[in-house]
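data_30.cif (mmCIF, C-alpha atoms)
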```
data_upload
loop_
_atom_site.label_atom_id
_atom_site.label_comp_id
_atom_site.auth_asym_id
_atom_site.auth_seq_id
_atom_site.Cartn_x
_atom_site.Cartn_y
_atom_site.Cartn_z
CA MET A 133 0.00 0.00 0.00
CA THR A 134 3.71 7.75 1.51
CA ASN A 135 -0.94 12.13 2.52
CA SER A 136 -9.70 18.05 5.33
CA ALA A 137 -12.63 19.31 5.66
CA GLN A 138 -13.73 21.76 8.30
CA PRO A 139 -15.14 19.89 11.27
CA HIS A 140 -18.86 19.61 11.18
CA GLY A 141 -19.71 20.82 14.64
CA ARG A 142 -23.50 20.65 14.65
CA HIS A 143 -24.96 17.81 16.59
CA ARG A 144 -27.08 15.46 14.57
CA ALA A 145 -29.24 12.62 15.70
CA PRO A 146 -27.20 9.40 15.61
CA LEU A 147 -27.57 7.33 12.49
CA PRO A 148 -28.47 3.65 12.56
CA PRO A 149 -25.41 1.39 12.73
CA LEU A 150 -23.44 0.90 9.56
CA GLN A 151 -23.70 -2.45 7.89
CA SER A 152 -20.77 -4.71 7.39
CA PRO A 153 -19.58 -5.34 3.86
CA GLY A 154 -21.69 -7.99 2.21
CA GLN A 155 -24.43 -7.86 4.82
CA GLU A 156 -27.99 -8.05 3.50
CA PRO A 157 -30.63 -6.78 3.39
CA VAL A 158 -29.56 -3.16 2.96
CA PRO A 159 -31.65 -0.57 4.83
CA GLY A 160 -33.51 1.65 2.46
CA MET A 161 -33.13 -0.65 -0.52
CA PRO A 162 -35.99 -2.62 -2.06
CA GLY A 163 -37.25 -5.29 0.28
CA PRO A 164 -38.43 -8.79 -0.60
CA ARG A 165 -40.70 -9.04 -3.59
CA ALA A 166 -44.37 -9.67 -3.11
CA PRO A 167 -45.45 -13.30 -3.62
CA ARG A 168 -45.92 -14.10 -7.25
CA SER A 169 -48.54 -16.20 -8.87
CA ALA A 170 -48.13 -19.94 -9.20
CA ALA A 171 -47.35 -19.56 -12.89
CA ALA A 172 -44.68 -17.01 -12.13
CA THR A 173 -43.14 -18.94 -9.27
CA ALA A 174 -42.97 -22.07 -11.37
CA THR A 175 -40.15 -20.57 -13.39
CA PRO A 176 -36.86 -21.00 -11.51
CA ARG A 177 -34.95 -17.80 -10.91
CA GLN A 178 -31.36 -17.88 -11.87
CA ALA A 179 -29.10 -16.87 -9.04
CA GLY A 180 -25.81 -15.15 -9.58
CA ARG A 181 -22.90 -14.56 -7.33
CA HIS A 182 -22.32 -10.98 -6.28
CA SER A 183 -18.74 -10.15 -6.93
CA ALA A 184 -17.57 -7.36 -4.65
CA PRO A 185 -13.91 -8.02 -3.93
CA PRO A 186 -12.32 -5.64 -1.43
CA VAL A 187 -9.82 -3.85 -3.63
CA PRO A 188 -8.49 -0.30 -3.73
CA PRO A 189 -11.07 2.37 -4.62
CA THR A 190 -12.03 3.16 -8.16
CA ALA A 191 -14.63 5.29 -9.88
CA SER A 192 -15.90 2.66 -12.27
CA THR A 193 -19.34 2.80 -10.76
CA ALA A 194 -21.13 6.10 -10.18
CA PRO A 195 -21.79 6.10 -6.43
CA THR A 196 -25.05 7.11 -4.83
CA TYR A 197 -25.34 8.45 -1.32
CA ARG A 198 -27.99 8.70 1.32
CA THR A 199 -29.00 11.90 2.99
CA PRO A 200 -28.15 12.43 6.67
CA HIS A 201 -31.75 11.63 7.59
CA THR A 202 -31.79 8.13 6.17
CA SER A 203 -30.01 4.98 7.05
CA PRO A 204 -26.43 5.01 5.74
CA ALA A 205 -25.43 2.76 2.89
CA PRO A 206 -23.37 -0.26 3.82
CA ALA A 207 -19.62 0.02 3.98
CA VAL A 208 -18.56 -1.75 0.84
CA PRO A 209 -15.54 -1.72 -1.42
CA ALA A 210 -15.43 1.07 -3.95
CA THR A 211 -15.41 -1.40 -6.78
CA ALA A 212 -18.72 -3.04 -5.90
CA ARG A 213 -20.64 -3.87 -9.05
CA PRO A 214 -23.93 -5.60 -9.76
CA ALA A 215 -23.76 -9.37 -9.95
CA ASP A 216 -23.36 -10.68 -13.46
CA GLY A 217 -26.73 -11.72 -14.71
CA ALA A 218 -28.24 -11.81 -11.24
CA GLY A 219 -30.29 -8.64 -11.55
CA LYS A 220 -29.30 -7.50 -8.06
CA PRO A 221 -28.80 -3.79 -7.47
CA ALA A 222 -25.27 -2.54 -6.88
CA LYS A 223 -24.40 -1.88 -3.28
CA GLN A 224 -24.39 1.76 -2.32
CA ARG A 225 -21.30 3.55 -1.08
CA ASP A 226 -21.05 5.05 2.38
CA ALA A 227 -20.08 8.72 2.26
CA PHE A 228 -18.30 8.43 5.61
CA PHE A 229 -15.67 6.03 4.30
CA ASP A 230 -15.16 7.91 1.06
CA ASN A 231 -14.67 11.10 3.09
CA ALA A 232 -12.21 9.33 5.39
CA LYS A 233 -10.17 7.95 2.50
CA TYR A 234 -9.99 11.32 0.78
CA LEU A 235 -8.95 13.19 3.93
CA ALA A 236 -6.37 10.52 4.76
CA ILE A 237 -4.78 10.73 1.30
CA VAL A 238 -4.66 14.52 1.55
CA LEU A 239 -2.75 14.15 4.81
CA VAL A 240 -0.38 11.71 3.13
CA ALA A 241 0.42 14.24 0.38
CA MET A 242 0.77 17.10 2.84
CA ALA A 243 3.18 15.11 5.00
CA HIS A 244 5.31 14.30 1.96
CA ALA A 245 5.41 18.00 1.13
CA TRP A 246 6.50 18.81 4.69
CA GLU A 247 9.39 16.36 4.68
CA PRO A 248 11.98 18.75 3.16
CA LEU A 249 10.88 21.43 5.65
CA THR A 250 11.47 19.37 8.79
CA ASP A 251 15.20 20.11 8.92
CA HIS A 252 14.51 23.85 9.05
CA SER A 253 11.31 24.11 11.07
CA ARG A 254 10.52 22.51 14.41
CA THR A 255 6.83 23.23 13.86
CA ALA A 256 6.89 21.42 10.53
CA GLU A 257 8.64 18.49 12.18
CA ALA A 258 6.01 18.35 14.95
CA LEU A 259 3.13 18.39 12.45
CA TYR A 260 4.95 15.83 10.30
CA MET A 261 5.37 13.43 13.22
CA THR A 262 1.78 13.90 14.36
CA VAL A 263 0.30 13.19 10.94
CA TYR A 264 2.63 10.25 10.36
CA THR A 265 1.37 8.72 13.58
CA PHE A 266 -2.09 8.06 12.14
CA HIS A 267 -2.49 8.81 8.41
CA MET A 268 -1.27 5.45 7.07
CA PRO A 269 -2.72 3.47 10.02
CA ALA A 270 -6.12 5.02 9.23
CA PHE A 271 -5.80 4.16 5.55
CA ILE A 272 -4.68 0.59 6.37
CA LEU A 273 -7.44 0.11 8.93
CA ILE A 274 -10.05 1.05 6.31
CA SER A 275 -8.43 -1.38 3.88
CA GLY A 276 -8.74 -4.11 6.49
CA TYR A 277 -12.37 -3.23 7.15
CA PHE A 278 -13.18 -3.58 3.45
CA SER A 279 -11.34 -6.91 3.35
CA ARG A 280 -13.65 -8.60 5.84
CA SER A 281 -15.42 -10.62 3.15
CA PHE A 282 -12.26 -11.62 1.28
CA ASP A 283 -11.76 -15.32 0.66
CA MET A 284 -10.09 -17.46 -1.96
CA ARG A 285 -13.04 -17.30 -4.33
CA PRO A 286 -11.78 -17.10 -7.94
CA ASP A 287 -13.41 -13.76 -8.75
CA ARG A 288 -11.90 -12.14 -5.66
CA LEU A 289 -8.47 -13.55 -6.38
CA LYS A 290 -8.78 -12.16 -9.89
CA ARG A 291 -9.61 -8.70 -8.53
CA LEU A 292 -6.66 -8.98 -6.13
CA VAL A 293 -4.35 -9.62 -9.05
CA THR A 294 -5.75 -6.96 -11.39
CA GLY A 295 -6.39 -4.33 -8.70
CA VAL A 296 -3.25 -4.76 -6.57
CA ALA A 297 -0.56 -7.03 -8.03
CA VAL A 298 -0.59 -5.68 -11.60
CA PRO A 299 -0.59 -1.99 -10.52
CA TYR A 300 2.34 -2.85 -8.24
CA VAL A 301 4.36 -4.19 -11.16
CA ILE A 302 3.40 -1.28 -13.43
CA PHE A 303 4.20 1.46 -10.92
CA GLU A 304 7.35 -0.22 -9.63
CA VAL A 305 8.70 -0.20 -13.17
CA ALA A 306 7.41 3.34 -13.81
CA TYR A 307 9.03 4.70 -10.65
CA THR A 308 12.31 3.03 -11.58
CA PHE A 309 12.43 4.67 -14.99
CA PHE A 310 11.34 7.97 -13.45
CA LYS A 311 14.25 7.86 -11.02
CA ARG A 312 16.67 7.00 -13.79
CA TRP A 313 15.55 10.06 -15.72
CA ALA A 314 14.74 12.64 -13.02
CA ASP A 315 17.63 11.79 -10.69
CA ASP A 316 20.10 11.12 -13.51
CA ASP A 317 20.67 7.62 -12.12
CA PRO A 318 20.77 5.18 -15.06
CA THR A 319 21.97 2.38 -12.77
CA GLN A 320 18.73 2.27 -10.77
CA PRO A 321 17.67 -1.39 -11.11
CA ILE A 322 14.19 -2.73 -11.66
CA SER A 323 13.48 -4.94 -8.68
CA LEU A 324 10.03 -6.30 -7.96
CA LEU A 325 11.37 -7.68 -4.68
CA ASP A 326 12.48 -4.28 -3.38
CA PRO A 327 9.55 -1.82 -3.53
CA TRP A 328 10.65 1.76 -4.14
CA TYR A 329 8.95 4.66 -2.40
CA LEU A 330 5.15 4.34 -2.38
CA THR A 331 4.75 0.94 -3.99
CA TRP A 332 5.36 -0.84 -0.69
CA PHE A 333 1.70 -0.32 0.19
CA LEU A 334 0.53 -2.37 -2.80
CA ILE A 335 2.70 -5.36 -2.05
CA ALA A 336 1.75 -5.11 1.63
CA LEU A 337 -1.95 -5.01 0.76
CA PHE A 338 -1.49 -8.06 -1.46
CA VAL A 339 0.11 -10.03 1.38
CA TRP A 340 -2.38 -8.85 4.00
CA ARG A 341 -5.38 -9.80 1.88
CA LEU A 342 -4.01 -13.26 1.19
CA THR A 343 -3.67 -13.83 4.94
CA THR A 344 -7.23 -12.69 5.70
CA PRO A 345 -8.72 -16.22 5.92
CA LEU A 346 -6.03 -17.15 8.43
CA TRP A 347 -6.81 -14.20 10.72
CA LYS A 348 -10.46 -15.25 10.75
CA VAL A 349 -9.69 -18.63 12.34
CA VAL A 350 -7.16 -17.69 15.04
CA ARG A 351 -8.45 -16.93 18.53
CA TRP A 352 -6.66 -13.64 19.30
CA PRO A 353 -5.88 -12.09 15.91
CA VAL A 354 -4.96 -8.54 16.94
CA PRO A 355 -2.62 -9.53 19.82
CA LEU A 356 -1.04 -12.12 17.53
CA ALA A 357 -0.48 -9.55 14.77
CA LEU A 358 0.99 -7.14 17.32
CA ALA A 359 3.31 -9.87 18.61
CA ILE A 360 4.51 -10.50 15.04
CA ALA A 361 5.18 -6.77 14.63
CA VAL A 362 7.22 -6.76 17.83
CA LEU A 363 9.24 -9.75 16.65
CA ALA A 364 9.83 -8.04 13.30
CA VAL A 365 11.22 -4.87 14.86
CA VAL A 366 13.87 -6.91 16.73
CA SER A 367 14.78 -9.02 13.67
CA PRO A 368 17.39 -7.18 11.57
CA ASP A 369 17.89 -10.18 9.28
CA ILE A 370 14.46 -9.81 7.67
CA GLY A 371 16.02 -7.68 4.97
CA ASP A 372 14.43 -5.50 2.31
CA ASP A 373 12.70 -8.13 0.20
CA LEU A 374 9.07 -7.07 -0.40
CA ASP A 375 9.64 -4.43 2.28
CA LEU A 376 8.73 -7.14 4.76
CA GLN A 377 9.50 -4.99 7.80
CA ARG A 378 6.73 -2.59 6.82
CA VAL A 379 4.40 -5.43 5.90
CA LEU A 380 4.78 -6.96 9.36
CA GLN A 381 4.99 -3.78 11.43
CA PHE A 382 1.89 -2.22 9.85
CA MET A 383 -0.04 -5.49 9.82
CA PRO A 384 -1.77 -5.00 13.23
CA PHE A 385 -3.76 -2.09 11.78
CA PHE A 386 -5.00 -4.21 8.89
CA VAL A 387 -5.98 -7.03 11.25
CA LEU A 388 -7.69 -4.55 13.56
CA GLY A 389 -9.71 -3.32 10.59
CA LEU A 390 -10.78 -6.88 9.82
CA PHE A 391 -12.45 -7.20 13.21
CA ILE A 392 -13.84 -3.71 13.73
CA LYS A 393 -17.62 -3.68 13.73
CA PRO A 394 -19.86 -0.98 12.26
CA GLU A 395 -20.96 0.10 15.72
CA HIS A 396 -17.35 0.98 16.58
CA PHE A 397 -17.41 3.66 13.88
CA GLN A 398 -20.69 4.91 15.32
CA LEU A 399 -19.06 5.10 18.74
CA VAL A 400 -16.14 7.30 17.69
CA ARG A 401 -18.51 9.60 15.80
CA ARG A 402 -20.45 10.55 18.91
CA ARG A 403 -20.41 14.23 19.86
CA GLU A 404 -18.57 13.69 23.16
CA VAL A 405 -15.81 11.74 21.40
CA ARG A 406 -15.52 14.49 18.81
CA LEU A 407 -15.09 17.13 21.50
CA LEU A 408 -12.60 15.00 23.44
CA SER A 409 -10.50 14.49 20.32
CA VAL A 410 -9.62 18.20 20.15
CA PRO A 411 -7.49 18.30 23.34
CA ILE A 412 -6.04 14.90 22.45
CA PHE A 413 -4.81 16.21 19.11
CA ALA A 414 -3.49 19.36 20.80
CA CYS A 415 -1.55 17.24 23.28
CA ALA A 416 -0.21 15.08 20.46
CA VAL A 417 1.13 18.11 18.60
CA ALA A 418 2.66 19.52 21.80
CA LEU A 419 4.31 16.17 22.57
CA ALA A 420 5.66 15.95 19.03
CA TYR A 421 7.00 19.52 19.29
CA TRP A 422 8.84 18.55 22.46
CA ALA A 423 10.14 15.27 21.01
CA ALA A 424 11.13 16.61 17.58
CA PRO A 425 14.75 17.49 18.48
CA LYS A 426 15.15 14.35 20.61
CA MET A 427 14.00 11.51 18.35
CA THR A 428 14.07 10.51 14.71
CA SER A 429 10.93 10.37 12.66
CA VAL A 430 12.19 7.17 11.00
CA TRP A 431 10.30 5.23 13.67
CA PHE A 432 7.04 6.26 12.02
CA TYR A 433 8.02 4.68 8.69
CA ARG A 434 8.21 1.22 10.31
CA ARG A 435 10.73 0.05 7.73
CA ASP A 436 13.75 -0.67 9.96
CA SER A 437 14.56 -2.88 12.90
CA ALA A 438 15.71 -1.48 16.23
CA GLN A 439 19.26 -2.68 15.58
CA GLU A 440 19.34 -0.91 12.21
CA LEU A 441 18.35 2.30 13.99
CA GLY A 442 21.24 1.89 16.42
CA VAL A 443 19.23 1.29 19.60
CA PRO A 444 18.88 -1.74 21.92
CA TRP A 445 16.27 -4.33 20.93
CA TRP A 446 14.04 -3.53 23.90
CA VAL A 447 13.68 0.06 22.68
CA GLY A 448 12.18 -1.33 19.49
CA VAL A 449 9.64 -3.31 21.51
CA VAL A 450 8.66 -0.27 23.57
CA MET A 451 8.42 1.99 20.52
CA THR A 452 6.32 -0.52 18.57
CA LEU A 453 3.78 -0.90 21.38
CA ALA A 454 3.75 2.83 22.18
CA LEU A 455 3.31 3.84 18.53
CA PHE A 456 0.54 1.30 18.06
CA GLY A 457 -1.39 2.75 21.01
CA CYS A 458 -0.83 6.35 19.88
CA SER A 459 -1.78 5.50 16.30
CA VAL A 460 -5.03 3.81 17.31
CA LEU A 461 -5.93 6.75 19.57
CA LEU A 462 -5.25 9.43 16.95
CA THR A 463 -6.93 7.36 14.24
CA ALA A 464 -10.07 7.24 16.38
CA CYS A 465 -9.85 11.02 16.84
CA PHE A 466 -9.44 11.42 13.08
CA PHE A 467 -12.53 9.30 12.38
CA ALA A 468 -14.46 11.36 14.94
CA TRP A 469 -14.11 14.46 12.74
CA VAL A 470 -14.72 12.80 9.37
CA PRO A 471 -18.06 14.07 7.99
CA ARG A 472 -20.69 11.37 7.69
CA ARG A 473 -22.76 13.10 5.03
CA LYS A 474 -22.01 13.73 1.37
CA MET A 475 -19.52 16.54 0.85
CA TRP A 476 -18.07 18.16 -2.28
CA PHE A 477 -15.05 15.85 -1.99
CA THR A 478 -16.94 12.62 -1.24
CA VAL A 479 -16.79 11.40 -4.83
CA LEU A 480 -12.99 11.72 -4.72
CA GLY A 481 -12.83 8.97 -2.12
CA ALA A 482 -13.21 6.48 -4.97
CA GLY A 483 -9.90 7.62 -6.48
CA THR A 484 -7.59 7.75 -3.50
CA LEU A 485 -5.25 5.03 -4.74
CA TYR A 486 -4.80 7.01 -7.96
CA GLY A 487 -3.87 10.10 -5.95
CA TYR A 488 -1.58 8.07 -3.71
CA LEU A 489 0.49 6.51 -6.48
CA LEU A 490 0.51 9.44 -8.93
CA HIS A 491 1.45 12.20 -6.48
CA GLY A 492 4.65 10.33 -5.70
CA PHE A 493 6.16 11.42 -9.01
CA LEU A 494 5.78 15.08 -8.03
CA ALA A 495 6.83 14.47 -4.44
CA LYS A 496 10.06 12.79 -5.51
CA GLY A 497 10.55 15.14 -8.46
CA SER A 498 10.55 18.13 -6.12
CA ARG A 499 13.59 16.58 -4.39
CA PHE A 500 15.37 15.48 -7.57
CA TRP A 501 15.00 18.93 -9.13
CA ASP A 502 15.85 20.85 -5.92
CA TRP A 503 12.68 22.91 -5.91
CA PHE A 504 13.00 23.69 -2.20
CA ASP A 505 16.68 24.62 -2.20
CA ALA A 506 16.17 26.76 -5.28
CA ASN A 507 13.43 28.71 -3.48
CA PRO A 508 14.62 29.37 0.10
CA TRP A 509 11.48 31.39 0.85
CA LEU A 510 9.58 28.09 0.92
CA TYR A 511 11.19 27.44 4.31
CA LYS A 512 9.50 30.51 5.77
CA PRO A 513 6.02 30.25 7.37
CA ALA A 514 4.23 31.67 4.32
CA GLY A 515 6.12 29.26 2.07
CA GLU A 516 5.25 26.31 4.30
CA VAL A 517 1.58 27.22 4.10
CA LEU A 518 1.80 27.52 0.31
CA VAL A 519 3.50 24.11 0.03
CA THR A 520 0.74 22.59 2.14
CA VAL A 521 -2.01 24.09 -0.01
CA ILE A 522 -0.33 23.01 -3.24
CA ALA A 523 0.09 19.43 -1.98
CA ALA A 524 -3.58 19.22 -1.00
CA ALA A 525 -4.68 20.69 -4.34
CA VAL A 526 -2.48 18.38 -6.41
CA VAL A 527 -3.59 15.17 -4.72
CA THR A 528 -7.21 16.33 -4.94
CA LEU A 529 -6.84 16.79 -8.69
CA LEU A 530 -5.26 13.36 -9.03
CA CYS A 531 -8.28 11.74 -7.35
CA THR A 532 -10.80 13.18 -9.81
CA PRO A 533 -12.77 10.96 -12.25
CA PRO A 534 -11.03 12.29 -15.41
CA VAL A 535 -7.64 11.27 -14.01
CA GLN A 536 -9.07 7.90 -13.03
CA ARG A 537 -10.33 7.32 -16.55
CA MET A 538 -6.95 8.29 -17.97
CA PHE A 539 -4.98 5.84 -15.80
CA ARG A 540 -7.52 3.06 -15.41
CA PHE A 541 -5.53 0.92 -17.82
CA ALA A 542 -2.79 0.73 -15.18
CA MET A 543 -4.86 0.76 -11.99
CA GLU A 544 -7.79 -1.44 -13.02
CA PRO A 545 -6.86 -3.50 -16.06
CA LYS A 546 -9.56 -6.00 -17.01
CA MET A 547 -7.15 -8.65 -18.34
CA GLU A 548 -9.91 -11.10 -19.24
CA TRP A 549 -7.43 -12.82 -21.55
CA ALA A 550 -5.27 -13.85 -18.59
CA PHE A 551 -7.90 -15.80 -16.64
CA ARG A 552 -9.93 -18.91 -17.15
CA ARG A 553 -13.66 -18.37 -17.36
CA ASP A 554 -15.44 -19.03 -14.10
CA ALA A 555 -17.28 -22.38 -14.09
CA ALA A 556 -20.30 -20.89 -12.37
CA ALA A 557 -20.58 -18.18 -15.04
CA LEU A 558 -20.43 -20.81 -17.75
CA ALA A 559 -23.14 -22.81 -16.02
CA ARG A 560 -25.38 -19.74 -15.85
CA GLU A 561 -24.85 -19.05 -19.55
CA ARG A 562 -25.73 -22.62 -20.45
CA GLY A 563 -28.86 -22.49 -18.31
CA SER A 564 -30.00 -19.23 -19.89
CA SER A 565 -29.52 -20.61 -23.41
CA ARG A 566 -31.88 -23.54 -22.83
#
```
Could I get this file's structure written as structure tokens?
Amino acid sequence: MTNSAQPHGRHRAPLPPLQSPGQEPVPGMPGPRAPRSAAATATPRQAGRHSAPPVPPTASTAPTYRTPHTSPAPAVPATARPADGAGKPAKQRDAFFDNAKYLAIVLVAMAHAWEPLTDHSRTAEALYMTVYTFHMPAFILISGYFSRSFDMRPDRLKRLVTGVAVPYVIFEVAYTFFKRWADDDPTQPISLLDPWYLTWFLIALFVWRLTTPLWKVVRWPVPLALAIAVLAVVSPDIGDDLDLQRVLQFMPFFVLGLFIKPEHFQLVRRREVRLLSVPIFACAVALAYWAAPKMTSVWFYRRDSAQELGVPWWVGVVMTLALFGCSVLLTACFFAWVPRRKMWFTVLGAGTLYGYLLHGFLAKGSRFWDWFDANPWLYKPAGEVLVTVIAAAVVTLLCTPPVQRMFRFAMEPKMEWAFRRDAAALARERGSSR
């Protein structure tokens, strides 16, 4: 799988609990049909399988949203489509999750824009550390939540390949050639085993999704995932293959997302939690401001072991557990302020993976081409604000439907030629031809 809207302060009556992905029936959608006549019921109804694999968001289906006064649509993957030949309506998107994904990706882009400023500004470093504490954990937790229904069904494995594995290969190669050109480094190798820059998230998501069935059968999944993360941080021999340190150290957030229930999101969106989150965020920024000169922000990347960072192994254990607790707390505070109704940016939540992968070319290009050093005024407060606004605007543009249509060939290739036809689909076709 490297970045807001103004808080909506008015108190609204609590909405009914969100539905889990794949749960039926959907509130507000057509209920059971009235009994049909004997002649009508004598004709068997062909049943299709609803294919809604939990893959990164796209805009291939025009989403519909409920108003704040109706039951919210179920939390489903952005790529949910009607079942082939089944005649079932497409599942509706939940504006809350699209809003959360958009705001999280804006924070990702903003944090990347702040990175060159952290050596010159303690305030920028404090904001950078605060945002890094929760922006990727929030994104990963949502990915885990949308993976709850993942299994080894052929159609879902196909979507995992076309929606995650293939984009990983394409963007890993694209980033390599970009670095060769922009950084004047013709020796940069193409290595699918060593993700470069942002592509680590795709390979991590691929591994996490494949392990989903396993997490569903173990007794204490989240503690087990956290124990694996602790073991990873004290294991320097893991190496860089597939960025396995990040895969294992971020994994507890994905597993936590797998087992979060819809009512948990309702809980953090209560008014009292929203108000409490304000002083918590203020304390987090103050703590980061104090810690900025005393610690390295590399801990937040979760890509190195304790030994590689030059500290005793037990420090890695303490930092892993402490960061997990802080990340969960700030992620809950972040969700508390995510609007639950449709906003102007809600539709952009379907294109967050586009914004994530595409903005990396500009983020890295700004370093390769020395944009910051060539404009020293960017290190001043006004320049820092301008950089922040530009980053938010750029990633917003990259999430828009026109950009999605332009790059869909790389992000959502159909690749029907590469897969065997599903036996169930063939059976349905044969039945309909009789």
Which residues match the PyMOL selection byres ((chain A and resi 254) around 10) in the file above, as JSON, numbers by chain? {"A": [249, 250, 251, 252, 253, 255, 256, 257, 258, 259, 260, 420, 421, 422, 423, 424, 425]}
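Distance-wise, atom CA of Val479 of chain A and atom CA of Thr344 of chain A end up 28.0 Å apart.
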In Å, rounded to a single decimal, give me how far atom CA of Pro471 of chain A is from atom CA of Ser459 of chain A.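 If I compute the distance from atom CA of Ser459 of chain A to atom CA of Pro471 of chain A, I get 20.2 Å.
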With a distance cut-off of 12 Å and only C-alpha atoms, select the neighbouring residues of Leu455 of chain A, excluding the residue or stretch itself and same-chain residues fewer than 2 positions from it, and output the selection as number ranges by chain. A: 261-262, 264-266, 269, 358, 361-362, 381-382, 384-385, 416, 429, 431-434, 447-453, 457-463
Among A:Thr528, A:Gln536, A:Leu480, A:Asp502, Ala227 of chain A is approached most closely, using all atoms listed in the file, by A:Leu480
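For the pair atom CA of Val293 of chain A and atom CA of Glu544 of chain A, the interatomic distance is 9.7 Å.
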Step by step, work through what the PyMOL selection byres ((chain A and resi 304-320) around 9) selects in the shown file, and finish by giving those residues as a short mmCIF file (atom, residue, chain, number, x, y, z; two decimals) with C-alpha atoms, in the coordinates of the input.
```
data_model
loop_
_atom_site.label_atom_id
_atom_site.label_comp_id
_atom_site.auth_asym_id
_atom_site.auth_seq_id
_atom_site.Cartn_x
_atom_site.Cartn_y
_atom_site.Cartn_z
CA PRO A 299 -0.59 -1.99 -10.52
CA TYR A 300 2.34 -2.85 -8.24
CA VAL A 301 4.36 -4.19 -11.16
CA ILE A 302 3.40 -1.28 -13.43
CA PHE A 303 4.20 1.46 -10.92
CA PRO A 321 17.67 -1.39 -11.11
CA ILE A 322 14.19 -2.73 -11.66
CA SER A 323 13.48 -4.94 -8.68
CA LEU A 324 10.03 -6.30 -7.96
CA PRO A 327 9.55 -1.82 -3.53
CA TRP A 328 10.65 1.76 -4.14
CA TYR A 329 8.95 4.66 -2.40
CA LEU A 330 5.15 4.34 -2.38
CA THR A 331 4.75 0.94 -3.99
CA GLY A 492 4.65 10.33 -5.70
CA PHE A 493 6.16 11.42 -9.01
CA LYS A 496 10.06 12.79 -5.51
CA GLY A 497 10.55 15.14 -8.46
CA ARG A 499 13.59 16.58 -4.39
CA PHE A 500 15.37 15.48 -7.57
CA TRP A 501 15.00 18.93 -9.13
#
```
Produce the centre coordinates and the three edge lengths, each in Å to one decimal, of the box along x, y and z that contains all listed atoms of segment 269-273 of chain A with 3 Å added on each side, as JSON.
```
{"center_x": -5.1, "center_y": 2.6, "center_z": 7.8, "size_x": 10.7, "size_y": 10.9, "size_z": 10.5}
```
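Of the residues under consideration (A:Val263, A:Leu376, A:Val365, A:Lys290), A:Leu376 shows the shortest atom-to-atom contact distance to Ile335 of chain A when counting all atoms listed in the file.
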Closest to Arg378 of chain A among A:Leu518, A:Ala506, A:Val296, A:Val339, using only C-alpha atoms? A:Val339
Considering only C-alpha atoms, can you say which of A:Ser367, A:Ser279, A:Thr532, A:Ser409 comes closest to Trp469 of chain A?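 Counting only C-alpha atoms, the residue closest to Trp469 of chain A is A:Ser409.
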For Leu485 of chain A: contacts at 12 Å, only C-alpha atoms, fewer than 5 positions along chain excluded, given as number ranges by chain: A: 133-135, 187-191, 210, 230, 233-234, 236-238, 240-241, 271-272, 275, 295-296, 299-300, 303, 330-331, 333-334, 337, 480, 490-492, 527-528, 530-532, 535-536, 539-540, 542-544
Could you list, as a ChimeraX atom specification, every residue matched by the PyMOL selection byres ((chain A and resi 340-342) around 9) in this structure? /A:186,276,279,282-284,289,292,335-339,343-346,379,383,386-387
Could you rebuild segment 401-410 of chain A with N, CA and C atoms and give me the result as a short mmCIF file (atom, residue, chain, number, x, y, z; two decimals), in the coordinates of the input?
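Saved result, part-v7.cif, follows:
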```cif
data_model
loop_
_atom_site.label_atom_id
_atom_site.label_comp_id
_atom_site.auth_asym_id
_atom_site.auth_seq_id
_atom_site.Cartn_x
_atom_site.Cartn_y
_atom_site.Cartn_z
N ARG A 401 -17.90 8.43 16.42
CA ARG A 401 -18.51 9.60 15.80
C ARG A 401 -19.53 10.28 16.71
N ARG A 402 -19.57 9.88 17.95
CA ARG A 402 -20.45 10.55 18.91
C ARG A 402 -19.91 11.93 19.24
N ARG A 403 -20.80 12.83 19.63
CA ARG A 403 -20.41 14.23 19.86
C ARG A 403 -19.37 14.35 20.97
N GLU A 404 -19.52 13.57 22.05
CA GLU A 404 -18.57 13.69 23.16
C GLU A 404 -17.17 13.22 22.75
N VAL A 405 -17.11 12.20 21.88
CA VAL A 405 -15.81 11.74 21.40
C VAL A 405 -15.20 12.80 20.50
N ARG A 406 -16.01 13.43 19.70
CA ARG A 406 -15.52 14.49 18.81
C ARG A 406 -14.92 15.64 19.62
N LEU A 407 -15.61 16.04 20.67
CA LEU A 407 -15.09 17.13 21.50
C LEU A 407 -13.82 16.72 22.24
N LEU A 408 -13.78 15.48 22.71
CA LEU A 408 -12.60 15.00 23.44
C LEU A 408 -11.38 14.89 22.52
N SER A 409 -11.62 14.66 21.24
CA SER A 409 -10.50 14.49 20.32
C SER A 409 -9.71 15.78 20.13
N VAL A 410 -10.32 16.93 20.35
CA VAL A 410 -9.62 18.20 20.15
C VAL A 410 -8.44 18.35 21.12
#
```
